[in-house]
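Q: Here you go, this is entry_18.cif (mmCIF, C-alpha atoms and all ligand atoms).
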```cif
data_entry
loop_
_atom_site.label_atom_id
_atom_site.label_comp_id
_atom_site.auth_asym_id
_atom_site.auth_seq_id
_atom_site.Cartn_x
_atom_site.Cartn_y
_atom_site.Cartn_z
CA MET A 1 2.39 -28.32 -1.68
CA ALA A 2 4.11 -25.01 -2.43
CA ALA A 3 3.72 -23.42 -5.86
CA SER A 4 6.73 -23.02 -8.13
CA PHE A 5 7.56 -20.05 -10.34
CA SER A 6 8.01 -19.94 -14.09
CA PRO A 7 11.41 -18.64 -15.27
CA LEU A 8 11.82 -14.89 -15.59
CA LEU A 9 10.49 -13.45 -18.82
CA LYS A 10 11.99 -10.76 -20.97
CA LEU A 11 9.96 -7.74 -19.95
CA GLU A 12 9.52 -4.45 -21.76
CA LEU A 13 8.49 -0.97 -20.66
CA PRO A 14 7.20 1.68 -23.08
CA GLU A 15 9.76 4.38 -23.87
CA LYS A 16 7.47 7.23 -22.96
CA PRO A 17 4.45 7.89 -20.75
CA ILE A 18 1.19 8.10 -22.76
CA GLN A 19 0.84 11.73 -21.75
CA GLU A 20 4.02 12.44 -23.75
CA LEU A 21 3.27 10.02 -26.53
CA ILE A 22 -0.01 11.68 -27.48
CA LYS A 23 1.73 15.01 -27.90
CA THR A 24 3.56 13.62 -30.92
CA THR A 25 1.28 10.93 -32.35
CA GLY A 26 -1.95 12.94 -32.52
CA LYS A 27 -4.92 10.73 -33.37
CA GLN A 28 -2.81 7.82 -34.60
CA VAL A 29 -2.64 5.03 -32.01
CA PRO A 30 0.83 3.45 -32.09
CA GLU A 31 0.64 -0.24 -33.03
CA ARG A 32 2.00 -1.40 -29.68
CA TYR A 33 -0.98 0.07 -27.81
CA ILE A 34 -3.63 -1.57 -29.98
CA TYR A 35 -5.45 -4.22 -28.02
CA LYS A 36 -5.60 -7.21 -30.37
CA LEU A 37 -8.43 -9.31 -29.00
CA PRO A 38 -12.00 -8.48 -30.03
CA ASN A 39 -12.86 -5.58 -27.82
CA LYS A 40 -16.60 -5.22 -28.12
CA ALA A 41 -16.74 -4.52 -24.40
CA ALA A 42 -15.33 -1.07 -25.10
CA ASP A 43 -18.78 -0.17 -26.42
CA HIS A 44 -20.47 1.42 -23.41
CA SER A 45 -23.95 1.40 -24.89
CA VAL A 46 -24.42 -2.39 -24.77
CA ILE A 47 -23.05 -3.02 -21.32
CA LYS A 48 -25.24 -3.08 -18.24
CA TYR A 49 -24.31 -1.63 -14.88
CA MET A 50 -23.20 -3.93 -12.12
CA ASP A 51 -26.05 -4.27 -9.65
CA SER A 52 -24.25 -5.69 -6.63
CA PRO A 53 -25.51 -4.18 -3.38
CA ILE A 54 -23.98 -1.14 -1.73
CA ILE A 55 -22.51 -2.08 1.63
CA ASP A 56 -22.78 0.19 4.65
CA PHE A 57 -19.50 0.40 6.56
CA GLN A 58 -21.16 1.56 9.79
CA LEU A 59 -23.38 -1.51 9.82
CA LEU A 60 -20.39 -3.77 9.22
CA SER A 61 -18.34 -2.25 12.01
CA ALA A 62 -20.75 -2.37 14.95
CA SER A 63 -22.17 -5.74 15.96
CA SER A 64 -24.55 -3.98 18.33
CA LEU A 65 -26.36 -2.25 15.48
CA GLN A 66 -29.59 -3.61 14.14
CA GLY A 67 -28.88 -4.71 10.60
CA HIS A 68 -25.29 -5.87 11.30
CA GLU A 69 -26.00 -9.56 10.61
CA LYS A 70 -27.97 -8.73 7.49
CA GLU A 71 -25.09 -6.59 6.19
CA LEU A 72 -22.65 -9.48 6.81
CA ARG A 73 -24.89 -11.80 4.77
CA LYS A 74 -25.00 -9.22 1.96
CA LEU A 75 -21.23 -8.98 2.12
CA ARG A 76 -20.72 -12.72 1.84
CA SER A 77 -23.19 -13.04 -0.97
CA THR A 78 -21.69 -10.22 -3.04
CA LEU A 79 -18.10 -11.35 -2.46
CA SER A 80 -18.80 -14.90 -3.50
CA SER A 81 -20.65 -13.83 -6.64
CA TRP A 82 -19.28 -10.46 -7.81
CA GLY A 83 -16.06 -10.33 -5.78
CA CYS A 84 -16.54 -6.60 -5.28
CA PHE A 85 -18.87 -3.95 -3.89
CA GLN A 86 -19.26 -0.25 -3.32
CA LEU A 87 -18.77 0.93 0.26
CA THR A 88 -20.67 3.82 1.76
CA ASN A 89 -20.50 5.50 5.19
CA HIS A 90 -16.78 4.66 5.45
CA GLY A 91 -15.84 7.82 7.32
CA LEU A 92 -13.27 9.17 4.82
CA THR A 93 -14.30 12.80 4.56
CA SER A 94 -15.22 14.42 1.25
CA SER A 95 -12.44 16.86 1.96
CA LEU A 96 -9.83 14.06 2.18
CA LEU A 97 -11.15 12.47 -1.03
CA TYR A 98 -10.89 15.89 -2.68
CA GLN A 99 -7.32 16.37 -1.42
CA ILE A 100 -6.05 12.99 -2.62
CA ARG A 101 -7.55 13.63 -6.05
CA GLU A 102 -5.96 17.08 -6.10
CA VAL A 103 -2.43 15.87 -5.33
CA GLN A 104 -2.85 13.16 -7.95
CA LYS A 105 -3.92 15.76 -10.52
CA GLU A 106 -0.95 17.92 -9.58
CA PHE A 107 1.46 15.03 -9.99
CA PHE A 108 0.33 14.09 -13.49
CA ALA A 109 0.33 17.78 -14.49
CA LEU A 110 4.02 18.15 -13.57
CA PRO A 111 6.43 18.53 -16.50
CA LEU A 112 8.09 15.33 -17.69
CA GLU A 113 11.52 16.51 -16.46
CA VAL A 114 10.15 16.52 -12.92
CA LYS A 115 8.13 13.32 -13.12
CA GLN A 116 10.96 11.39 -14.69
CA LYS A 117 13.00 11.78 -11.51
CA HIS A 118 10.57 9.20 -10.14
CA PHE A 119 10.62 6.78 -13.10
CA ARG A 120 10.20 3.08 -12.31
CA THR A 121 12.54 0.50 -13.82
CA VAL A 122 11.69 -2.63 -15.74
CA HIS A 123 12.50 -4.75 -12.67
CA TRP A 124 10.10 -3.40 -10.08
CA ILE A 125 6.80 -1.54 -10.22
CA GLU A 126 7.47 1.19 -7.69
CA GLY A 127 7.71 4.66 -9.25
CA TYR A 128 6.22 6.41 -12.29
CA GLY A 129 5.59 4.66 -15.62
CA ASN A 130 3.42 2.13 -17.44
CA ASP A 131 3.21 -1.60 -16.71
CA THR A 132 5.78 -4.00 -18.08
CA VAL A 133 4.62 -6.51 -20.69
CA SER A 134 6.35 -9.40 -22.38
CA GLU A 135 7.28 -9.24 -26.08
CA ASN A 136 4.26 -9.05 -28.43
CA GLN A 137 1.83 -8.00 -25.70
CA SER A 138 0.07 -4.67 -26.06
CA TYR A 139 0.67 -1.84 -23.60
CA ASN A 140 -2.06 -0.41 -21.40
CA TRP A 141 -3.28 3.12 -22.16
CA ASN A 142 -2.35 4.21 -18.68
CA ASP A 143 0.35 6.12 -16.81
CA ARG A 144 0.81 5.12 -13.18
CA LEU A 145 2.61 6.06 -10.03
CA HIS A 146 3.15 3.22 -7.57
CA LEU A 147 4.28 3.99 -4.01
CA LYS A 148 4.75 1.73 -1.01
CA VAL A 149 2.80 3.37 1.79
CA TYR A 150 2.74 0.79 4.57
CA PRO A 151 4.56 -0.35 6.70
CA VAL A 152 5.68 3.24 7.13
CA ASP A 153 9.40 2.34 7.39
CA GLN A 154 9.19 0.78 3.90
CA ARG A 155 8.42 4.07 2.19
CA ASN A 156 10.85 4.87 -0.59
CA PHE A 157 10.83 8.64 -0.70
CA LYS A 158 12.92 8.88 -3.85
CA PHE A 159 9.72 7.96 -5.70
CA TRP A 160 7.54 10.47 -3.86
CA PRO A 161 7.16 13.82 -5.62
CA GLU A 162 8.68 16.50 -3.44
CA ASP A 163 7.46 19.32 -5.71
CA ILE A 164 3.88 19.05 -4.48
CA PRO A 165 3.76 20.59 -1.01
CA ASN A 166 0.86 18.55 0.40
CA PHE A 167 1.66 15.26 -1.26
CA ARG A 168 3.27 13.41 1.66
CA GLU A 169 0.89 14.66 4.27
CA THR A 170 -2.18 13.89 2.17
CA LEU A 171 -1.06 10.41 1.18
CA ASP A 172 -0.10 9.68 4.78
CA LYS A 173 -3.55 10.72 6.00
CA TYR A 174 -5.26 8.79 3.23
CA THR A 175 -3.24 5.65 4.00
CA LYS A 176 -4.17 5.77 7.69
CA GLU A 177 -7.83 6.09 6.82
CA VAL A 178 -7.73 3.28 4.27
CA ARG A 179 -5.96 1.07 6.80
CA ARG A 180 -8.72 1.72 9.32
CA VAL A 181 -11.33 0.72 6.73
CA LEU A 182 -9.30 -2.29 5.61
CA GLU A 183 -9.08 -3.73 9.13
CA ILE A 184 -12.85 -3.55 9.63
CA ILE A 185 -13.52 -4.98 6.16
CA LEU A 186 -11.18 -7.94 6.72
CA LYS A 187 -12.81 -8.61 10.09
CA ALA A 188 -16.31 -8.39 8.64
CA ILE A 189 -15.38 -10.74 5.79
CA ALA A 190 -14.03 -13.29 8.29
CA LYS A 191 -17.21 -13.02 10.39
CA SER A 192 -19.35 -13.42 7.30
CA LEU A 193 -17.63 -16.78 6.69
CA ASN A 194 -18.13 -17.82 10.34
CA LEU A 195 -14.42 -17.52 11.06
CA LYS A 196 -12.83 -15.85 14.07
CA GLU A 197 -13.12 -12.12 13.48
CA ASP A 198 -9.39 -11.43 13.24
CA ARG A 199 -8.55 -14.51 11.13
CA PHE A 200 -7.93 -12.76 7.78
CA PHE A 201 -6.62 -9.61 9.39
CA ARG A 202 -3.93 -11.49 11.33
CA GLU A 203 -3.09 -13.58 8.32
CA CYS A 204 -2.51 -10.39 6.30
CA GLU A 205 -0.88 -8.41 9.09
CA GLY A 206 1.58 -11.19 10.04
CA GLU A 207 4.65 -10.14 12.02
CA GLN A 208 5.88 -7.51 9.61
CA GLY A 209 2.61 -5.65 9.08
CA ILE A 210 0.30 -5.66 6.11
CA TYR A 211 1.86 -4.39 2.92
CA MET A 212 0.03 -1.52 1.24
CA LEU A 213 0.90 -0.11 -2.16
CA ALA A 214 -0.72 3.05 -3.50
CA ARG A 215 -1.38 3.08 -7.22
CA PHE A 216 -2.28 6.36 -8.86
CA ASN A 217 -3.79 5.60 -12.28
CA PHE A 218 -4.08 8.20 -15.01
CA TYR A 219 -5.80 7.42 -18.32
CA PRO A 220 -5.40 10.13 -20.96
CA PRO A 221 -8.25 10.32 -23.50
CA CYS A 222 -7.90 8.43 -26.76
CA SER A 223 -9.96 9.29 -29.85
CA SER A 224 -9.70 5.64 -30.99
CA SER A 225 -10.65 4.41 -27.56
CA ASP A 226 -12.21 1.17 -28.81
CA HIS A 227 -8.77 0.01 -30.00
CA VAL A 228 -7.01 0.44 -26.68
CA LEU A 229 -7.57 -0.51 -23.06
CA GLY A 230 -6.68 1.57 -20.02
CA LEU A 231 -6.09 -1.67 -18.19
CA LYS A 232 -6.39 -5.07 -19.82
CA PRO A 233 -8.58 -7.66 -18.07
CA HIS A 234 -6.86 -8.65 -14.85
CA SER A 235 -7.51 -9.61 -11.27
CA ASP A 236 -5.45 -7.96 -8.54
CA ALA A 237 -2.67 -9.81 -6.70
CA SER A 238 -3.83 -8.28 -3.43
CA SER A 239 -5.94 -9.64 -0.59
CA VAL A 240 -8.18 -6.63 -0.89
CA THR A 241 -7.99 -3.52 -3.08
CA ILE A 242 -9.60 -0.25 -2.03
CA LEU A 243 -10.26 2.00 -4.99
CA LEU A 244 -11.29 5.60 -5.30
CA GLN A 245 -12.77 5.97 -8.76
CA ASP A 246 -12.77 9.10 -10.86
CA LYS A 247 -15.47 11.55 -9.77
CA GLU A 248 -17.01 11.92 -13.20
CA VAL A 249 -15.54 9.68 -15.87
CA GLU A 250 -16.59 6.03 -15.95
CA GLY A 251 -14.36 3.32 -17.30
CA LEU A 252 -14.09 0.48 -14.80
CA GLN A 253 -15.81 -2.76 -15.80
CA VAL A 254 -16.08 -6.04 -13.92
CA GLN A 255 -16.69 -9.55 -15.18
CA LYS A 256 -19.30 -11.92 -13.82
CA ASP A 257 -20.39 -15.18 -15.47
CA ASN A 258 -18.32 -14.23 -18.55
CA GLN A 259 -20.17 -10.96 -19.03
CA TRP A 260 -18.86 -7.43 -18.55
CA PHE A 261 -20.64 -4.87 -16.36
CA LYS A 262 -19.90 -1.18 -15.90
CA VAL A 263 -19.18 0.02 -12.38
CA PRO A 264 -21.31 3.09 -11.74
CA ILE A 265 -19.87 6.18 -10.12
CA ILE A 266 -21.59 6.74 -6.79
CA PRO A 267 -20.32 9.92 -5.14
CA ASP A 268 -18.07 9.44 -2.12
CA THR A 269 -18.20 5.63 -2.17
CA LEU A 270 -15.11 3.43 -2.28
CA PHE A 271 -14.99 0.46 -4.60
CA ILE A 272 -13.67 -2.62 -2.80
CA ASN A 273 -12.56 -5.76 -4.58
CA ILE A 274 -11.20 -9.12 -3.52
CA GLY A 275 -7.78 -9.95 -4.98
CA ASP A 276 -6.20 -13.32 -5.72
CA GLN A 277 -4.69 -13.77 -2.25
CA LEU A 278 -8.04 -13.65 -0.48
CA GLU A 279 -9.58 -15.98 -3.04
CA ILE A 280 -6.76 -18.41 -2.21
CA MET A 281 -7.03 -17.98 1.58
CA SER A 282 -10.82 -18.44 1.41
CA ASN A 283 -10.28 -21.65 -0.58
CA GLY A 284 -12.22 -20.17 -3.50
CA ILE A 285 -15.32 -19.03 -1.59
CA LEU A 286 -14.51 -15.37 -2.26
CA LYS A 287 -13.98 -14.38 -5.90
CA SER A 288 -11.04 -12.34 -7.08
CA VAL A 289 -12.91 -10.29 -9.66
CA ILE A 290 -11.60 -9.88 -13.20
CA HIS A 291 -11.85 -6.25 -14.22
CA LYS A 292 -10.61 -3.88 -16.90
CA VAL A 293 -10.66 -0.19 -17.71
CA VAL A 294 -11.90 1.36 -20.94
CA VAL A 295 -10.70 4.78 -22.01
CA ASP A 296 -12.82 7.83 -22.73
CA LYS A 297 -12.58 9.46 -26.16
CA GLU A 298 -12.39 13.00 -24.82
CA ARG A 299 -11.87 13.10 -21.11
CA GLU A 300 -9.00 11.97 -18.95
CA ARG A 301 -9.78 9.62 -16.09
CA SER A 302 -8.00 9.02 -12.77
CA SER A 303 -8.28 6.57 -9.92
CA VAL A 304 -6.36 5.78 -6.75
CA ALA A 305 -6.05 2.12 -5.77
CA ILE A 306 -4.55 0.91 -2.50
CA VAL A 307 -3.61 -2.73 -2.88
CA CYS A 308 -3.15 -4.61 0.39
CA SER A 309 -1.25 -7.88 0.72
CA PRO A 310 0.44 -9.99 3.38
CA HIS A 311 4.21 -9.52 3.62
CA ALA A 312 6.15 -11.36 0.90
CA GLU A 313 7.72 -13.75 3.42
CA LYS A 314 4.37 -14.86 4.79
CA GLU A 315 3.25 -18.15 3.36
CA ILE A 316 -0.38 -18.03 2.29
CA GLY A 317 -2.79 -20.78 1.39
CA PRO A 318 -6.37 -21.88 1.99
CA LEU A 319 -7.31 -21.62 5.68
CA SER A 320 -7.72 -25.01 7.30
CA GLU A 321 -11.18 -24.01 8.64
CA LEU A 322 -12.38 -23.64 5.06
CA ILE A 323 -11.24 -27.06 3.90
CA ASP A 324 -13.41 -30.13 4.41
CA LYS A 325 -14.78 -33.15 2.57
CA GLU A 326 -17.34 -31.12 0.65
CA ARG A 327 -14.81 -28.41 -0.12
CA PRO A 328 -11.36 -29.96 -0.54
CA GLN A 329 -8.29 -27.76 -0.75
CA LEU A 330 -8.39 -25.98 -4.14
CA TYR A 331 -5.10 -24.05 -4.09
CA LYS A 332 -1.46 -24.64 -3.23
CA THR A 333 0.33 -22.62 -0.57
CA VAL A 334 2.85 -20.00 -1.63
CA LYS A 335 5.25 -17.34 -0.39
CA ASN A 336 5.60 -14.03 -2.23
CA TYR A 337 2.54 -14.43 -4.42
CA VAL A 338 3.00 -10.86 -5.67
CA ASN A 339 6.29 -11.85 -7.25
CA MET A 340 4.64 -14.82 -8.93
CA TYR A 341 1.83 -12.55 -10.15
CA LEU A 342 4.33 -10.10 -11.60
CA GLN A 343 5.88 -12.90 -13.62
CA TYR A 344 2.59 -14.12 -15.02
CA SER A 345 0.65 -10.92 -15.68
CA PRO A 346 2.94 -9.51 -18.42
CA THR A 347 2.09 -12.62 -20.46
CA GLY A 348 -1.66 -12.10 -20.08
CA GLU A 349 -2.02 -15.27 -17.98
CA ARG A 350 -3.41 -15.45 -14.48
CA ALA A 351 -1.04 -16.49 -11.71
CA ILE A 352 -3.94 -17.86 -9.67
CA THR A 353 -4.59 -20.50 -12.33
CA ALA A 354 -1.12 -21.88 -11.63
CA MET A 355 -2.02 -22.05 -7.94
CA LYS A 356 -4.87 -24.49 -8.51
CA LEU A 357 -4.36 -28.04 -7.34
O1 LIG B 1 -8.90 2.67 -12.62
C1 LIG B 1 -9.68 1.86 -12.15
O2 LIG B 1 -10.87 2.13 -11.98
C2 LIG B 1 -9.22 0.47 -11.78
C3 LIG B 1 -7.78 0.37 -11.44
C4 LIG B 1 -7.31 -1.03 -11.25
O3 LIG B 1 -7.96 -1.99 -11.58
C5 LIG B 1 -5.99 -1.27 -10.63
O4 LIG B 1 -5.27 -0.31 -10.35
O5 LIG B 1 -5.66 -2.46 -10.43
FE FE B 2 -7.11 -3.84 -10.73
#
```
Before we go any further, please render this structure as structure tokens.

A:
Amino acid sequence: MAASFSPLLKLELPEKPIQELIKTTGKQVPERYIYKLPNKAADHSVIKYMDSPIIDFQLLSASSLQGHEKELRKLRSTLSSWGCFQLTNHGLTSSLLYQIREVQKEFFALPLEVKQKHFRTVHWIEGYGNDTVSENQSYNWNDRLHLKVYPVDQRNFKFWPEDIPNFRETLDKYTKEVRRVLEIILKAIAKSLNLKEDRFFRECEGEQGIYMLARFNFYPPCSSSDHVLGLKPHSDASSVTILLQDKEVEGLQVQKDNQWFKVPIIPDTLFINIGDQLEIMSNGILKSVIHKVVVDKERERSSVAIVCSPHAEKEIGPLSELIDKERPQLYKTVKNYVNMYLQYSPTGERAITAMKL
């Protein structure tokens, strides 16, 4: 059975980026940014660190290596409990990680007149700006730049800053490297579930190529940081998200068994999380992790997420190999899940809940 969509909501975008807002409001947090639910989780001191294992990319990629099978078992176990892990030995050089962080820094440091040439609209996320929310929902304390990076012919250069000389080249290089990692990760995940190695990869790649969106997140500091959230609790719409955290400033937290855990910063690792679409395809074996971002009182924080999804026209649903008597089909099938997600998330509800049978 295919899922149906709720009617379009009235969506709102903040008038100004936070970076501009804080120039005029000083320490006062505007009402619309105050996160209304009890937000004890913003208190770093009482939250433990996530202790999911670190996964070694080299061991995942070569079946000939001793330790490959063990790493696959670790992968399956962490993805069905935490829904995320930190990846080491991925082959992205420190110099490339430095460069992508540098171009990001340069973008957010550009004057508003320049950045606003790349403003997003209320109708679609690509471009510079905050997230849309529906009436009465609070805004995230976060300025973002979203850019389609793959397939290459889908790039919309009007959103790409031309004032930063290395921007295109760096993002292009970064995308290629993340795609390389993504392919191996998707293959390893399939193997870990005893599926054919290319099962998830082909499902995501389809005929049109996997869809990759780069999301540059920038969280200015907020002196009343326990009243705001950089990102409200959410799961990603993606199959898989590959995230480069800030080098120094923590903020990302993940939920497991209704408890929040801080994600530690481990130099040069990538943080990988399962998104809703892989939870659906795996018939609920893999968990699309709920996560949020808290804001630092004094220091700005940045991250670069690459969210990877099948093409909108590709119908997705639980794989037949993962449905049986013990594990009946848990989710409907759907086309353009991202669109469905974008209709639900401004309300604070999870689209994946509507996908359950
Ligand atoms: O900034 C982070 O660490 C997380 C970003 C995130 O969750 C997202 O972009 O979906
Ligand atoms: Fe996220």

Q: Given a cut-off of 9 Å, what residues near ligand LIG 1 (chain B) show up using only C-alpha atoms and all ligand atoms, put as JSON, numbers by chain?

A: {"A": [144, 214, 215, 216, 217, 218, 219, 230, 231, 232, 233, 234, 235, 236, 237, 241, 243, 244, 245, 246, 250, 251, 252, 253, 263, 271, 290, 291, 292, 293, 294, 301, 302, 303, 304, 305, 306, 307]}

Q: Would you mind telling me which residue in A:Gln116, A:Gln104, A:Ser320, A:Ser224 lies nearest to Thr170 (chain A) when using all atoms listed in the file?

A: A:Gln104

Q: Which is closest to Ser225 (chain A) among A:Lys16, A:Lys297, A:Lys36, A:Arg73, if we use only C-alpha atoms?

A: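 The shortest atom-to-atom distance to Ser225 (chain A) comes from A:Lys297.
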
Q: Show which residues sit within 10 Å of Gln259 (chain A), as a PDB file with C-alpha atoms, in the coordinates of the input. Count only C-alpha atoms, and ignore same-chain residues fewer than 4 positions away.

A:
```
ATOM      1  CA  ALA A  41     -16.740  -4.520 -24.400  1.00  0.00           C
ATOM      2  CA  ILE A  47     -23.050  -3.020 -21.320  1.00  0.00           C
ATOM      3  CA  LYS A  48     -25.240  -3.080 -18.240  1.00  0.00           C
ATOM      4  CA  GLN A 253     -15.810  -2.760 -15.800  1.00  0.00           C
ATOM      5  CA  VAL A 254     -16.080  -6.040 -13.920  1.00  0.00           C
ATOM      6  CA  GLN A 255     -16.690  -9.550 -15.180  1.00  0.00           C
TER       7      GLN A 255
END
```

Q: Please indicate the distance in Å from CA of Asn336 (chain A) to CA of Lys314 (chain A), rounded to one decimal place.

A: 7.2 Å

Q: A:Ser239, A:Asn166, A:Thr132, A:Asn156: which is nearest Phe201 (chain A), counting only C-alpha atoms?

A: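 Selected residue with least distance to Phe201 (chain A): A:Ser239.
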
Q: Residues at most 7 Å from region 175-192 of chain A, counting only C-alpha atoms, excluding those fewer than 4 positions away in the same chain, as a PyMOL selection string?

A: chain A and resi 60-61+72-73+76+90+92+149+171+196-201

Q: Please determine, counting all atoms listed in the file, which residue among A:Glu298, A:Glu71, A:Glu31, A:Glu20 has the shortest atom-to-atom distance to Cys222 (chain A).

A: A:Glu298

Q: Report as a tab-separated table: every residue of region 202-281 of chain A with an atom at most 12 Å from region 322-327 of chain A, its closest pair of atoms, and their distance in Å to one decimal, counting only C-alpha atoms, with rows sorted by chain and ascending residue number.

A:
```
residue	atom	partner	partner_atom	distance
A:Glu279	CA	A:Leu322	CA	11.5
A:Ile280	CA	A:Leu322	CA	10.6
A:Met281	CA	A:Leu322	CA	8.5
```

Q: Give me the residues within 12 Å of Arg32 (chain A) as an mmCIF file with C-alpha atoms, keeping the file's coordinate frame, counting all atoms listed in the file and dropping any in the same chain fewer than 6 places off.

A:
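Printed below is part27.cif as written:
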```cif
data_model
loop_
_atom_site.group_PDB
_atom_site.id
_atom_site.type_symbol
_atom_site.label_atom_id
_atom_site.label_comp_id
_atom_site.auth_asym_id
_atom_site.auth_seq_id
_atom_site.Cartn_x
_atom_site.Cartn_y
_atom_site.Cartn_z
ATOM 1 C CA GLU A 12 9.520 -4.450 -21.760
ATOM 2 C CA LEU A 13 8.490 -0.970 -20.660
ATOM 3 C CA PRO A 14 7.200 1.680 -23.080
ATOM 4 C CA GLU A 15 9.760 4.380 -23.870
ATOM 5 C CA ILE A 18 1.190 8.100 -22.760
ATOM 6 C CA LEU A 21 3.270 10.020 -26.530
ATOM 7 C CA VAL A 133 4.620 -6.510 -20.690
ATOM 8 C CA SER A 134 6.350 -9.400 -22.380
ATOM 9 C CA GLU A 135 7.280 -9.240 -26.080
ATOM 10 C CA ASN A 136 4.260 -9.050 -28.430
ATOM 11 C CA GLN A 137 1.830 -8.000 -25.700
ATOM 12 C CA SER A 138 0.070 -4.670 -26.060
ATOM 13 C CA TYR A 139 0.670 -1.840 -23.600
ATOM 14 C CA ASN A 140 -2.060 -0.410 -21.400
ATOM 15 C CA TRP A 141 -3.280 3.120 -22.160
ATOM 16 C CA HIS A 227 -8.770 0.010 -30.000
ATOM 17 C CA VAL A 228 -7.010 0.440 -26.680
ATOM 18 C CA LEU A 229 -7.570 -0.510 -23.060
#
```

Q: In the coordinates of the file, take the point (4.0, -11.8, 1.5) and a cut-off of 12 Å; then, counting all atoms listed in the file, name each qualifying protein, DNA or RNA residue as a ChimeraX atom specification.

A: /A:203-212,237-239,277,308-317,333-341

Q: Dump C-alpha atoms for the selected residues as a PDB file, in the coordinates of the input?

A:
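In the end it all went to part27.pdb:
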```pdb
ATOM      1  CA  GLU A 203      -3.090 -13.580   8.320  1.00  0.00           C
ATOM      2  CA  CYS A 204      -2.510 -10.390   6.300  1.00  0.00           C
ATOM      3  CA  GLU A 205      -0.880  -8.410   9.090  1.00  0.00           C
ATOM      4  CA  GLY A 206       1.580 -11.190  10.040  1.00  0.00           C
ATOM      5  CA  GLU A 207       4.650 -10.140  12.020  1.00  0.00           C
ATOM      6  CA  GLN A 208       5.880  -7.510   9.610  1.00  0.00           C
ATOM      7  CA  GLY A 209       2.610  -5.650   9.080  1.00  0.00           C
ATOM      8  CA  ILE A 210       0.300  -5.660   6.110  1.00  0.00           C
ATOM      9  CA  TYR A 211       1.860  -4.390   2.920  1.00  0.00           C
ATOM     10  CA  MET A 212       0.030  -1.520   1.240  1.00  0.00           C
ATOM     11  CA  ALA A 237      -2.670  -9.810  -6.700  1.00  0.00           C
ATOM     12  CA  SER A 238      -3.830  -8.280  -3.430  1.00  0.00           C
ATOM     13  CA  SER A 239      -5.940  -9.640  -0.590  1.00  0.00           C
ATOM     14  CA  GLN A 277      -4.690 -13.770  -2.250  1.00  0.00           C
ATOM     15  CA  CYS A 308      -3.150  -4.610   0.390  1.00  0.00           C
ATOM     16  CA  SER A 309      -1.250  -7.880   0.720  1.00  0.00           C
ATOM     17  CA  PRO A 310       0.440  -9.990   3.380  1.00  0.00           C
ATOM     18  CA  HIS A 311       4.210  -9.520   3.620  1.00  0.00           C
ATOM     19  CA  ALA A 312       6.150 -11.360   0.900  1.00  0.00           C
ATOM     20  CA  GLU A 313       7.720 -13.750   3.420  1.00  0.00           C
ATOM     21  CA  LYS A 314       4.370 -14.860   4.790  1.00  0.00           C
ATOM     22  CA  GLU A 315       3.250 -18.150   3.360  1.00  0.00           C
ATOM     23  CA  ILE A 316      -0.380 -18.030   2.290  1.00  0.00           C
ATOM     24  CA  GLY A 317      -2.790 -20.780   1.390  1.00  0.00           C
ATOM     25  CA  THR A 333       0.330 -22.620  -0.570  1.00  0.00           C
ATOM     26  CA  VAL A 334       2.850 -20.000  -1.630  1.00  0.00           C
ATOM     27  CA  LYS A 335       5.250 -17.340  -0.390  1.00  0.00           C
ATOM     28  CA  ASN A 336       5.600 -14.030  -2.230  1.00  0.00           C
ATOM     29  CA  TYR A 337       2.540 -14.430  -4.420  1.00  0.00           C
ATOM     30  CA  VAL A 338       3.000 -10.860  -5.670  1.00  0.00           C
ATOM     31  CA  ASN A 339       6.290 -11.850  -7.250  1.00  0.00           C
ATOM     32  CA  MET A 340       4.640 -14.820  -8.930  1.00  0.00           C
ATOM     33  CA  TYR A 341       1.830 -12.550 -10.150  1.00  0.00           C
TER      34      TYR A 341
END
```

Q: Please report the interatomic distance between CA of Gly127 (chain A) and CA of Asn142 (chain A) in Å with one decimal.

A: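 The value is 13.8 Å.
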
Q: To one decimal place, how far is CA of Glu300 (chain A) from CA of Phe85 (chain A) in Å?

A: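 Here the two named atoms are 24.0 Å from each other.
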
Q: Using all atoms listed in the file, can you tell me which of A:Pro53, A:Gln343, A:Leu195, A:Cys84 comes closest to ligand FE 2 (chain B)?

A: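 Among the listed residues, A:Cys84 lies closest to ligand FE 2 (chain B).
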
Q: Edge lengths and centre in Å to one decimal, as AutoDock Vina command-line options, of the axis-aligned box that encloses all listed atoms of region 219-235 of chain A with 6 Å added on every side?

A:
```
--center_x -8.8 --center_y 0.4 --center_z -21.1 --size_x 18.8 --size_y 31.9 --size_z 31.7
```

Q: Measuring between all atoms listed in the file, which one of A:Phe261, A:Leu96, A:Val249, A:Ile242 shows the shortest distance to ligand FE 2 (chain B)?

A: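 Distance minimum relative to ligand FE 2 (chain B) lands on A:Ile242.
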
Q: Could you list, as a short mmCIF file (atom, residue, chain, number, x, y, z; two decimals) with C-alpha atoms, in the frame of the given file, every residue within 8 Å of Ile125 (chain A), counting all atoms listed in the file and ignoring same-chain residues fewer than 5 positions away?

A:
```cif
data_model
loop_
_atom_site.label_atom_id
_atom_site.label_comp_id
_atom_site.auth_asym_id
_atom_site.auth_seq_id
_atom_site.Cartn_x
_atom_site.Cartn_y
_atom_site.Cartn_z
CA ARG A 120 10.20 3.08 -12.31
CA ASP A 131 3.21 -1.60 -16.71
CA HIS A 146 3.15 3.22 -7.57
#
```
